[in-house]
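> Have a peek at query_3.cif (mmCIF, C-alpha atoms).
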```
data_work
loop_
_atom_site.label_atom_id
_atom_site.label_comp_id
_atom_site.auth_asym_id
_atom_site.auth_seq_id
_atom_site.Cartn_x
_atom_site.Cartn_y
_atom_site.Cartn_z
CA MET A 1 9.52 -92.68 -118.33
CA MET A 2 11.92 -93.30 -115.46
CA GLN A 3 14.81 -94.13 -117.79
CA THR A 4 14.16 -90.92 -119.70
CA VAL A 5 14.30 -88.80 -116.56
CA GLU A 6 17.42 -90.64 -115.40
CA TYR A 7 19.11 -89.99 -118.74
CA ILE A 8 18.17 -86.31 -118.71
CA SER A 9 19.56 -86.09 -115.16
CA LEU A 10 22.88 -87.45 -116.38
CA LEU A 11 22.91 -85.21 -119.43
CA ILE A 12 21.73 -81.91 -118.02
CA ILE A 13 24.86 -80.70 -116.16
CA PRO A 14 27.49 -81.58 -118.79
CA LEU A 15 25.30 -80.13 -121.52
CA PHE A 16 24.69 -76.95 -119.54
CA ILE A 17 28.41 -76.47 -118.89
CA LEU A 18 29.12 -77.00 -122.59
CA LEU A 19 26.53 -74.35 -123.48
CA ALA A 20 27.97 -71.91 -120.92
CA VAL A 21 31.53 -72.38 -122.16
CA LEU A 22 30.74 -72.28 -125.89
CA TYR A 23 28.47 -69.24 -125.58
CA GLY A 24 31.17 -67.56 -123.49
CA ALA A 25 33.80 -68.29 -126.15
CA PHE A 26 31.41 -67.03 -128.84
CA LYS A 27 31.03 -63.76 -126.87
CA LYS A 28 34.84 -63.57 -126.56
CA VAL A 29 34.85 -64.14 -122.82
CA ARG A 30 38.06 -65.54 -121.37
CA VAL A 31 36.20 -68.50 -119.85
CA TYR A 32 39.16 -69.81 -117.86
CA ASP A 33 39.67 -66.49 -116.10
CA SER A 34 35.93 -66.08 -115.54
CA PHE A 35 35.67 -69.48 -113.88
CA VAL A 36 38.64 -68.69 -111.63
CA ALA A 37 37.13 -65.33 -110.66
CA GLY A 38 33.81 -66.97 -109.80
CA ALA A 39 35.37 -69.86 -107.88
CA LYS A 40 37.34 -67.32 -105.85
CA GLU A 41 34.08 -66.28 -104.18
CA GLY A 42 33.44 -69.84 -102.93
CA PRO A 43 35.41 -69.71 -99.67
CA GLY A 44 33.80 -66.41 -98.68
CA VAL A 45 30.31 -67.88 -99.11
CA ILE A 46 31.16 -70.98 -97.10
CA LEU A 47 32.70 -68.89 -94.32
CA LYS A 48 29.34 -67.12 -94.05
CA ILE A 49 27.33 -70.34 -93.98
CA PHE A 50 29.60 -72.32 -91.66
CA PRO A 51 28.65 -70.68 -88.32
CA TYR A 52 24.93 -71.19 -89.05
CA LEU A 53 25.50 -74.78 -90.04
CA ILE A 54 27.50 -75.67 -86.94
CA THR A 55 24.99 -73.95 -84.67
CA ILE A 56 22.04 -75.92 -86.01
CA PHE A 57 23.92 -79.23 -86.31
CA VAL A 58 25.13 -79.16 -82.71
CA ALA A 59 21.57 -78.60 -81.49
CA ILE A 60 20.06 -81.33 -83.68
CA LYS A 61 22.68 -83.98 -82.84
CA GLY A 62 22.38 -83.17 -79.16
CA PHE A 63 18.60 -83.41 -79.37
CA GLN A 64 18.80 -86.85 -80.95
CA ALA A 65 21.31 -88.19 -78.42
CA SER A 66 19.69 -86.74 -75.29
CA GLY A 67 16.69 -89.04 -75.34
CA ALA A 68 14.34 -86.10 -75.97
CA PHE A 69 13.93 -87.31 -79.53
CA ASP A 70 12.67 -90.75 -78.40
CA VAL A 71 10.19 -89.16 -76.02
CA LEU A 72 8.92 -86.88 -78.78
CA ARG A 73 8.56 -89.84 -81.13
CA ASP A 74 6.70 -91.96 -78.56
CA GLY A 75 4.49 -88.99 -77.77
CA PHE A 76 3.57 -88.53 -81.42
CA TYR A 77 3.07 -92.26 -81.79
CA ARG A 78 0.61 -92.36 -78.90
CA VAL A 79 -1.27 -89.18 -79.85
CA PHE A 80 -1.72 -90.42 -83.41
CA ALA A 81 -2.28 -94.06 -82.42
CA PHE A 82 -5.82 -93.89 -83.78
CA LEU A 83 -4.36 -93.34 -87.27
CA ASP A 84 -2.45 -96.61 -86.95
CA ILE A 85 0.83 -95.27 -88.35
CA PRO A 86 3.80 -97.65 -87.96
CA ILE A 87 6.29 -96.29 -85.39
CA GLU A 88 9.06 -96.47 -88.01
CA ALA A 89 7.16 -93.99 -90.16
CA VAL A 90 6.73 -91.69 -87.14
CA SER A 91 10.52 -91.71 -86.61
CA MET A 92 11.05 -90.98 -90.27
CA ALA A 93 8.61 -88.07 -90.13
CA ILE A 94 10.55 -86.46 -87.27
CA VAL A 95 14.08 -87.21 -88.51
CA LYS A 96 13.68 -86.14 -92.15
CA PRO A 97 13.31 -82.38 -91.52
CA LEU A 98 16.20 -82.47 -89.02
CA SER A 99 18.96 -84.33 -90.83
CA GLY A 100 19.62 -85.72 -94.30
CA SER A 101 22.28 -88.26 -93.38
CA ALA A 102 20.35 -89.47 -90.32
CA SER A 103 17.17 -89.96 -92.37
CA THR A 104 19.02 -91.95 -95.03
CA ALA A 105 20.54 -94.17 -92.31
CA LEU A 106 17.15 -94.57 -90.63
CA PHE A 107 15.41 -95.40 -93.90
CA THR A 108 18.00 -98.06 -94.75
CA ASP A 109 17.51 -99.49 -91.27
CA ILE A 110 13.71 -99.58 -91.66
CA VAL A 111 13.96 -101.38 -95.02
CA LYS A 112 16.33 -103.91 -93.43
CA THR A 113 14.35 -104.63 -90.27
CA ALA A 114 10.73 -104.17 -91.37
CA GLY A 115 11.22 -105.81 -94.76
CA PRO A 116 11.26 -104.09 -98.16
CA ASP A 117 7.56 -104.67 -98.89
CA SER A 118 6.12 -103.80 -95.47
CA MET A 119 3.75 -100.90 -94.83
CA ALA A 120 6.39 -99.28 -92.58
CA THR A 121 8.86 -99.25 -95.47
CA GLN A 122 6.39 -98.01 -98.07
CA MET A 123 5.19 -95.20 -95.86
CA SER A 124 8.74 -94.20 -94.90
CA ALA A 125 9.70 -94.23 -98.57
CA VAL A 126 6.98 -91.73 -99.42
CA ILE A 127 7.96 -89.50 -96.47
CA MET A 128 11.64 -89.79 -97.42
CA GLY A 129 10.91 -88.82 -101.01
CA SER A 130 8.42 -86.03 -100.40
CA ALA A 131 9.89 -84.24 -97.35
CA GLU A 132 13.01 -82.08 -97.34
CA THR A 133 15.74 -81.46 -94.74
CA THR A 134 14.14 -78.19 -93.72
CA PHE A 135 16.62 -77.12 -91.04
CA TYR A 136 19.60 -77.63 -93.31
CA VAL A 137 17.98 -75.64 -96.12
CA LEU A 138 17.14 -72.83 -93.69
CA ALA A 139 20.68 -72.73 -92.23
CA VAL A 140 22.41 -72.74 -95.61
CA TYR A 141 20.18 -70.31 -97.50
CA LEU A 142 19.65 -67.83 -94.68
CA GLY A 143 23.31 -68.08 -93.67
CA ALA A 144 24.54 -67.41 -97.20
CA VAL A 145 23.10 -63.89 -97.14
CA GLY A 146 23.19 -63.30 -93.39
CA ILE A 147 19.44 -62.97 -92.82
CA LYS A 148 18.66 -62.45 -89.13
CA LYS A 149 15.01 -61.40 -89.22
CA THR A 150 13.15 -64.31 -90.78
CA ARG A 151 9.66 -62.94 -90.03
CA TYR A 152 7.10 -65.74 -90.41
CA LEU A 153 9.25 -68.06 -92.55
CA VAL A 154 10.10 -70.65 -89.86
CA PRO A 155 6.49 -71.23 -88.69
CA VAL A 156 5.39 -71.56 -92.34
CA CYS A 157 8.11 -74.16 -93.03
CA LEU A 158 7.32 -76.16 -89.89
CA LEU A 159 3.57 -76.10 -90.54
CA ALA A 160 4.17 -77.10 -94.16
CA ASP A 161 6.34 -79.99 -92.95
CA ALA A 162 3.59 -81.18 -90.60
CA VAL A 163 0.99 -81.02 -93.35
CA GLY A 164 3.42 -82.74 -95.72
CA ILE A 165 3.81 -85.68 -93.34
CA VAL A 166 0.04 -86.12 -93.02
CA VAL A 167 -0.26 -85.97 -96.81
CA ALA A 168 2.58 -88.50 -97.28
CA VAL A 169 1.03 -90.94 -94.79
CA SER A 170 -2.43 -90.64 -96.37
CA VAL A 171 -1.10 -91.04 -99.91
CA ALA A 172 1.00 -94.06 -98.88
CA ARG A 173 -2.02 -95.71 -97.23
CA TRP A 174 -4.16 -95.01 -100.27
CA PHE A 175 -1.59 -96.55 -102.64
CA PHE A 176 -0.32 -99.58 -100.76
CA MET B 1 15.15 -69.57 -85.18
CA ASN B 2 16.16 -68.10 -81.85
CA ILE B 3 13.31 -69.69 -79.92
CA LEU B 4 13.66 -72.95 -81.78
CA TRP B 5 17.37 -73.24 -81.02
CA LEU B 6 16.89 -72.30 -77.39
CA LEU B 7 14.20 -74.98 -77.07
CA LEU B 8 16.26 -77.67 -78.80
CA ILE B 9 19.32 -77.06 -76.63
CA SER B 10 17.67 -76.61 -73.25
CA VAL B 11 15.14 -79.44 -73.64
CA SER B 12 17.95 -81.74 -74.79
CA ILE B 13 20.14 -80.95 -71.79
CA VAL B 14 17.28 -81.41 -69.31
CA PHE B 15 16.43 -84.75 -70.92
CA ALA B 16 20.06 -85.82 -71.00
CA ILE B 17 20.31 -85.21 -67.25
CA PHE B 18 17.13 -87.12 -66.40
CA THR B 19 17.68 -90.05 -68.72
CA GLY B 20 21.37 -90.45 -67.95
CA ASN B 21 22.37 -89.72 -71.52
CA LEU B 22 24.83 -86.98 -70.56
CA GLU B 23 27.86 -88.68 -72.01
CA ALA B 24 26.09 -89.46 -75.27
CA PHE B 25 24.77 -85.88 -75.42
CA THR B 26 28.20 -84.28 -75.06
CA LYS B 27 29.66 -86.67 -77.60
CA ALA B 28 26.84 -85.86 -80.02
CA LEU B 29 27.52 -82.11 -79.71
CA PHE B 30 31.00 -82.62 -81.06
CA GLU B 31 29.81 -85.04 -83.68
CA GLY B 32 27.41 -82.34 -84.84
CA ALA B 33 30.33 -79.93 -85.03
CA LYS B 34 32.33 -82.46 -87.01
CA SER B 35 29.59 -83.06 -89.56
CA ALA B 36 29.11 -79.29 -89.96
CA VAL B 37 32.80 -79.05 -90.87
CA GLU B 38 32.56 -81.98 -93.27
CA ILE B 39 29.48 -80.62 -95.00
CA SER B 40 31.06 -77.16 -95.23
CA LEU B 41 34.12 -78.63 -96.94
CA TYR B 42 31.90 -80.53 -99.34
CA LEU B 43 29.90 -77.37 -100.02
CA LEU B 44 33.11 -75.39 -100.51
CA GLY B 45 33.95 -77.61 -103.48
CA ILE B 46 30.59 -77.66 -105.23
CA VAL B 47 29.73 -74.03 -104.50
CA SER B 48 33.04 -72.84 -105.94
CA VAL B 49 32.52 -74.88 -109.10
CA TRP B 50 29.05 -73.47 -109.64
CA LEU B 51 30.12 -69.94 -108.88
CA GLY B 52 32.80 -70.45 -111.53
CA ILE B 53 30.24 -71.61 -114.08
CA THR B 54 27.73 -68.88 -113.25
CA ARG B 55 30.49 -66.28 -113.56
CA ILE B 56 31.00 -67.40 -117.16
CA LEU B 57 27.23 -66.98 -117.66
CA GLU B 58 27.44 -63.46 -116.23
CA ASP B 59 30.47 -62.39 -118.25
CA SER B 60 28.97 -63.68 -121.49
CA GLY B 61 25.55 -62.18 -120.77
CA LEU B 62 23.87 -65.58 -121.11
CA ILE B 63 22.50 -65.20 -117.59
CA TYR B 64 20.31 -62.29 -118.78
CA ARG B 65 19.10 -64.18 -121.85
CA ILE B 66 18.07 -67.19 -119.73
CA ALA B 67 16.37 -64.82 -117.29
CA HIS B 68 14.48 -63.23 -120.18
CA LEU B 69 13.36 -66.66 -121.37
CA PHE B 70 12.03 -67.84 -117.99
CA ARG B 71 10.75 -64.52 -116.72
CA PRO B 72 7.10 -65.23 -117.68
CA ILE B 73 7.04 -68.40 -115.54
CA ILE B 74 9.14 -67.23 -112.60
CA SER B 75 7.44 -63.85 -112.22
CA ARG B 76 4.14 -65.60 -111.46
CA LEU B 77 5.55 -66.75 -108.14
CA PHE B 78 8.10 -63.96 -107.62
CA ARG B 79 6.31 -60.69 -108.24
CA ASN B 80 8.92 -58.08 -107.34
CA ILE B 81 11.84 -59.12 -109.49
CA PRO B 82 12.70 -56.44 -112.05
CA GLY B 83 13.31 -57.06 -115.79
CA ASP B 84 15.75 -59.74 -116.82
CA HIS B 85 17.36 -59.91 -113.39
CA PRO B 86 20.04 -62.62 -112.88
CA SER B 87 18.11 -64.00 -109.89
CA ILE B 88 15.53 -65.38 -112.36
CA THR B 89 18.24 -67.52 -113.96
CA ALA B 90 19.55 -68.74 -110.61
CA ILE B 91 16.03 -69.61 -109.43
CA THR B 92 15.23 -71.41 -112.70
CA LEU B 93 18.44 -73.44 -112.61
CA ASN B 94 17.87 -74.32 -108.93
CA VAL B 95 14.33 -75.53 -109.62
CA LEU B 96 15.52 -77.59 -112.62
CA ALA B 97 18.33 -79.12 -110.54
CA ASN B 98 15.80 -80.01 -107.83
CA LEU B 99 13.38 -81.56 -110.32
CA PHE B 100 16.07 -83.82 -111.73
CA GLY B 101 17.48 -84.71 -108.34
CA LEU B 102 20.84 -82.99 -108.91
CA GLY B 103 21.62 -82.17 -105.29
CA ASN B 104 25.19 -81.20 -106.13
CA ALA B 105 23.92 -78.40 -108.31
CA ALA B 106 20.72 -77.43 -106.52
CA THR B 107 22.30 -76.15 -103.30
CA PRO B 108 25.05 -74.01 -104.92
CA LEU B 109 22.57 -72.55 -107.41
CA GLY B 110 20.15 -71.92 -104.54
CA ILE B 111 22.86 -70.02 -102.68
CA LYS B 112 23.50 -68.02 -105.85
CA ALA B 113 19.77 -67.27 -106.11
CA MET B 114 19.67 -66.09 -102.49
CA GLN B 115 22.63 -63.77 -103.17
CA GLU B 116 20.94 -62.32 -106.23
CA LEU B 117 17.67 -61.87 -104.33
CA ASP B 118 19.57 -60.19 -101.49
CA GLY B 119 20.92 -57.74 -104.06
CA LEU B 120 17.33 -56.51 -104.40
CA ASN B 121 16.84 -56.35 -100.63
CA GLU B 122 16.32 -52.81 -99.39
CA ASP B 123 16.65 -53.84 -95.74
CA PRO B 124 19.68 -56.21 -95.48
CA GLY B 125 19.37 -58.68 -92.64
CA THR B 126 15.59 -58.90 -93.00
CA ILE B 127 14.06 -61.51 -95.25
CA THR B 128 12.09 -60.45 -98.34
CA PRO B 129 8.87 -62.14 -99.58
CA GLU B 130 10.79 -63.37 -102.65
CA MET B 131 13.39 -65.09 -100.46
CA MET B 132 10.64 -66.70 -98.42
CA MET B 133 8.97 -67.97 -101.56
CA PHE B 134 12.28 -69.35 -102.77
CA ILE B 135 13.08 -71.13 -99.49
CA VAL B 136 9.58 -72.60 -99.23
CA LEU B 137 9.95 -73.95 -102.79
CA ASN B 138 13.21 -75.56 -101.74
CA THR B 139 11.83 -77.16 -98.58
CA ALA B 140 9.02 -78.68 -100.65
CA SER B 141 11.40 -81.27 -102.15
CA LEU B 142 10.39 -80.81 -105.78
CA GLN B 143 11.74 -83.94 -107.43
CA LEU B 144 10.43 -85.91 -110.36
CA ILE B 145 11.98 -89.21 -109.34
CA PRO B 146 13.40 -89.97 -105.87
CA PHE B 147 16.47 -91.84 -107.10
CA SER B 148 18.07 -92.33 -103.68
CA VAL B 149 14.91 -93.87 -102.18
CA ILE B 150 14.51 -96.18 -105.17
CA GLY B 151 18.18 -97.14 -104.93
CA ILE B 152 17.86 -98.18 -101.28
CA LEU B 153 14.59 -100.06 -101.92
CA ALA B 154 16.12 -101.89 -104.88
CA SER B 155 19.26 -102.89 -103.00
CA TYR B 156 17.17 -104.63 -100.33
CA GLY B 157 15.04 -106.56 -102.78
CA HIS B 158 11.83 -104.57 -103.02
CA ARG B 159 9.67 -106.23 -105.67
CA ASN B 160 8.92 -103.02 -107.57
CA PRO B 161 10.97 -100.03 -106.34
CA ALA B 162 9.61 -97.78 -109.11
CA ALA B 163 6.11 -98.13 -107.63
CA VAL B 164 7.10 -95.44 -105.15
CA VAL B 165 7.45 -92.79 -107.88
CA LEU B 166 3.78 -91.92 -108.31
CA PRO B 167 2.83 -91.68 -104.59
CA VAL B 168 5.92 -89.55 -103.91
CA LEU B 169 5.08 -87.27 -106.82
CA ILE B 170 1.47 -86.85 -105.64
CA ALA B 171 2.52 -86.30 -102.01
CA THR B 172 5.13 -83.74 -103.08
CA ALA B 173 2.70 -81.89 -105.31
CA ILE B 174 0.01 -81.66 -102.62
CA SER B 175 2.43 -80.58 -99.89
CA ALA B 176 4.14 -78.04 -102.16
CA MET B 177 0.74 -76.52 -102.95
CA THR B 178 -0.16 -76.41 -99.27
CA ALA B 179 3.18 -74.79 -98.43
CA LEU B 180 2.59 -72.06 -101.02
CA LEU B 181 -0.96 -71.50 -99.73
CA LEU B 182 0.33 -71.32 -96.14
CA LEU B 183 2.93 -68.78 -97.20
CA ALA B 184 0.31 -66.70 -99.00
CA GLY B 185 -1.98 -66.90 -95.96
CA PHE B 186 0.73 -65.78 -93.51
CA ARG B 187 1.69 -63.02 -95.91
CA LYS B 188 -1.84 -61.66 -95.82
CA ILE B 189 -1.98 -61.73 -92.02
CA PHE B 190 1.50 -60.32 -91.29
CA ARG B 191 1.96 -57.80 -94.06
#
```
Now, as a test, write the supplied structure out as structure tokens.

Amino acid sequence: MMQTVEYISLLIIPLFILLAVLYGAFKKVRVYDSFVAGAKEGPGVILKIFPYLITIFVAIKGFQASGAFDVLRDGFYRVFAFLDIPIEAVSMAIVKPLSGSASTALFTDIVKTAGPDSMATQMSAVIMGSAETTFYVLAVYLGAVGIKKTRYLVPVCLLADAVGIVVAVSVARWFF
Amino acid sequence: MNILWLLLISVSIVFAIFTGNLEAFTKALFEGAKSAVEISLYLLGIVSVWLGITRILEDSGLIYRIAHLFRPIISRLFRNIPGDHPSITAITLNVLANLFGLGNAATPLGIKAMQELDGLNEDPGTITPEMMMFIVLNTASLQLIPFSVIGILASYGHRNPAAVVLPVLIATAISAMTALLLLAGFRKIFR
């Protein structure tokens, strides 16, 4: 099953591009010129996203380095002590929504120090796989179209993240 | 976002002062700036490629045919998208890319989907319910197999890295459902 999905993953983009190009040629589209015209829009899109990205990244990196992050983590750890969640998994739960690269680094570190078959690793793996880098997604997608009024989107995403972490921890405990 | 950013920045600075992490804090600010630039450059490449490919789809009309094909599924979650609108294709391709863990394609196609959805926006600058639905779907981490997690586990000698697949899938499914329910709930309250 896994090999099948892996193979489809490898196949899907090349096959899709082939389909796009051949269908274009069949419809007498000048595919080379079309691609160039589309790619020309790239820089404009990135210019729109960039200010949002830098604004959120500066805040997140600063938050991690200031020591506030550690206090938040220890706070969560103590409040949820009765659930007996390894502190590594608590870190993972807070880092994952904030930063993709930081969560990958943290996860690698947890596997190294806690051991690949430990509860801390298993739980972090489930969090890592089932949570998304929410702040990055918000910055990129909202920035791309210049949305300023986000209404209730941010609270929904944060609440969903919190629920997602609880679910990930429970599922991990149930499985391992 | 305004309140969130204000909180992040001011709490961080207060903490940096009291814990003596001022130097590290200032350094981190510029590291954040640097990684924003790096990620933007990376995005510039992949977004341009996908905008090139989707332009071929537009010029050949294939984008409307794909939209027609997937309309029955997509319109269940996105109610106010008219006919065979190109946003349906962009959303479908983004979801497929997410499912198969194709990060390089998912983000550019997601940006394309947001642009198409914004084309239907009657009040530019304010988010529409369809955009919210789309973003919530993307923060739910829909992925069949978490290849990167398995890769890291395998490289450090986990006895059965693939064992993580099923729990991740279940956790993702439950949290995605909850996210959609939360969105629907908020929508009812704040309409």
> Here is a test: counting all atoms listed in the file, which residue of A:Val90, A:Ile60, A:Ile13, A:Val145 is nearest to Ala28 in chain B?
A:Ile60
> To one decimal place, how far is CA of Leu182 in chain B from CA of Ala160 in chain A in Å?
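According to the coordinates, CA of Leu182 in chain B and CA of Ala160 in chain A are separated by 7.2 Å.
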> Using all atoms listed in the file, which residue out of A:Pro14, A:Pro155, A:Gly143, A:Gly75 lies closest to Leu102 in chain B?
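Residue with the minimum atom-to-atom distance to Leu102 in chain B: A:Pro14.
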> What residues come out when you apply the PyMOL selection byres ((chain B and resi 43-45) around 12) to this file, written as JSON, numbers by chain?
{"A": [39, 40, 41, 42, 43, 44, 45, 46, 47, 48, 49, 50, 53, 140, 144], "B": [35, 36, 37, 38, 39, 40, 41, 42, 46, 47, 48, 49, 50, 51, 52, 103, 104, 105, 106, 107, 108, 109, 111]}
> When you get a sec, could you note down which chain A residues fall within 6 Å of chain B, using only C-alpha atoms, as a PyMOL selection string?
chain A and resi 9+20+24+27+31+34-35+38-39+42+46+53-54+57-59+61-63+65-66+68+116-117+126+129-132+134+141+147-150+160+164+167-168
> CA of Ile88 in chain B and CA of Ala67 in chain B, how far apart in Å?
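Interatomic distance here is 5.0 Å.
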> Could you tell me which residues the PyMOL selection byres ((chain A and resi 102-111) around 10) grabs in this file, written as a PyMOL selection string?
(chain A and resi 61+64+88-89+91-101+112-118+120-122+124-125+127-128+133) or (chain B and resi 148-149+152-153+155-158)
> For CA of Arg151 in chain A and CA of Phe69 in chain A, quote the distance in Å rounded to one decimal.
26.9 Å
> With distances taken over all atoms listed in the file, which residue among A:Met2, A:Phe16, A:Leu83, A:Arg73 lies nearest Val166 in chain A?
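Result for the nearest residue to Val166 in chain A: A:Leu83.
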> Using all atoms of range 124-129 of chain A listed in the file and a margin of 5 Å per side, can you give the axis-aligned box centre and edge lengths in Å to one decimal, as lines of an AutoDock Vina configuration file?

```
center_x = 9.3
center_y = -91.5
center_z = -98.0
size_x = 14.7
size_y = 15.4
size_z = 16.1
```
> From the set B:Gly151, B:Ser87, B:Asn80, B:Ile3, which residue has the shortest atom-to-atom contact distance to His68 in chain B, counting all atoms listed in the file?
B:Ser87
> Would you fill the gaps in range 77-85 of chain B so it has all heavy atoms, then print it as a short mmCIF file (atom, residue, chain, number, x, y, z; two decimals), keeping the file's coordinate frame?

```cif
data_model
loop_
_atom_site.label_atom_id
_atom_site.label_comp_id
_atom_site.auth_asym_id
_atom_site.auth_seq_id
_atom_site.Cartn_x
_atom_site.Cartn_y
_atom_site.Cartn_z
N LEU B 77 5.36 -66.46 -109.56
CA LEU B 77 5.55 -66.75 -108.14
C LEU B 77 6.34 -65.64 -107.44
O LEU B 77 6.17 -65.37 -106.27
CB LEU B 77 6.29 -68.08 -107.95
CG LEU B 77 5.47 -69.34 -108.17
CD1 LEU B 77 6.34 -70.58 -108.07
CD2 LEU B 77 4.33 -69.43 -107.17
N PHE B 78 7.25 -65.00 -108.20
CA PHE B 78 8.10 -63.96 -107.62
C PHE B 78 7.73 -62.63 -108.26
O PHE B 78 8.22 -62.31 -109.34
CB PHE B 78 9.57 -64.28 -107.86
CG PHE B 78 10.01 -65.60 -107.27
CD1 PHE B 78 9.81 -66.79 -107.94
CD2 PHE B 78 10.63 -65.64 -106.04
CE1 PHE B 78 10.20 -68.00 -107.40
CE2 PHE B 78 11.05 -66.84 -105.49
CZ PHE B 78 10.82 -68.02 -106.17
N ARG B 79 6.89 -61.87 -107.59
CA ARG B 79 6.31 -60.69 -108.24
C ARG B 79 7.29 -59.53 -108.38
O ARG B 79 7.28 -58.83 -109.37
CB ARG B 79 5.11 -60.22 -107.42
CG ARG B 79 4.03 -61.27 -107.33
CD ARG B 79 2.81 -60.92 -108.18
NE ARG B 79 1.92 -62.06 -108.30
CZ ARG B 79 1.16 -62.52 -107.31
NH1 ARG B 79 1.16 -61.92 -106.14
NH2 ARG B 79 0.40 -63.58 -107.49
N ASN B 80 8.13 -59.32 -107.36
CA ASN B 80 8.92 -58.08 -107.34
C ASN B 80 10.34 -58.23 -107.85
O ASN B 80 11.27 -57.66 -107.30
CB ASN B 80 8.95 -57.51 -105.91
CG ASN B 80 7.56 -57.10 -105.47
OD1 ASN B 80 6.80 -56.53 -106.26
ND2 ASN B 80 7.21 -57.41 -104.23
N ILE B 81 10.52 -59.02 -108.89
CA ILE B 81 11.84 -59.12 -109.49
C ILE B 81 11.82 -58.31 -110.77
O ILE B 81 11.02 -58.57 -111.67
CB ILE B 81 12.23 -60.59 -109.76
CG1 ILE B 81 12.30 -61.36 -108.44
CG2 ILE B 81 13.55 -60.66 -110.48
CD1 ILE B 81 12.67 -62.81 -108.60
N PRO B 82 12.72 -57.31 -110.88
CA PRO B 82 12.70 -56.44 -112.05
C PRO B 82 13.26 -57.12 -113.30
O PRO B 82 14.09 -58.02 -113.19
CB PRO B 82 13.60 -55.28 -111.64
CG PRO B 82 14.52 -55.87 -110.63
CD PRO B 82 13.75 -56.92 -109.91
N GLY B 83 12.80 -56.70 -114.45
CA GLY B 83 13.31 -57.06 -115.79
C GLY B 83 13.96 -58.42 -115.90
O GLY B 83 13.48 -59.40 -115.35
N ASP B 84 15.06 -58.47 -116.64
CA ASP B 84 15.75 -59.74 -116.82
C ASP B 84 16.83 -59.90 -115.75
O ASP B 84 18.01 -60.07 -116.03
CB ASP B 84 16.37 -59.79 -118.22
CG ASP B 84 15.30 -59.65 -119.29
OD1 ASP B 84 14.13 -60.01 -118.99
OD2 ASP B 84 15.61 -59.18 -120.39
N HIS B 85 16.41 -59.86 -114.50
CA HIS B 85 17.36 -59.91 -113.39
C HIS B 85 18.02 -61.29 -113.28
O HIS B 85 17.36 -62.30 -113.47
CB HIS B 85 16.61 -59.58 -112.09
CG HIS B 85 17.52 -59.30 -110.94
ND1 HIS B 85 17.87 -60.26 -110.03
CD2 HIS B 85 18.17 -58.17 -110.57
CE1 HIS B 85 18.68 -59.72 -109.14
NE2 HIS B 85 18.88 -58.46 -109.44
#
```
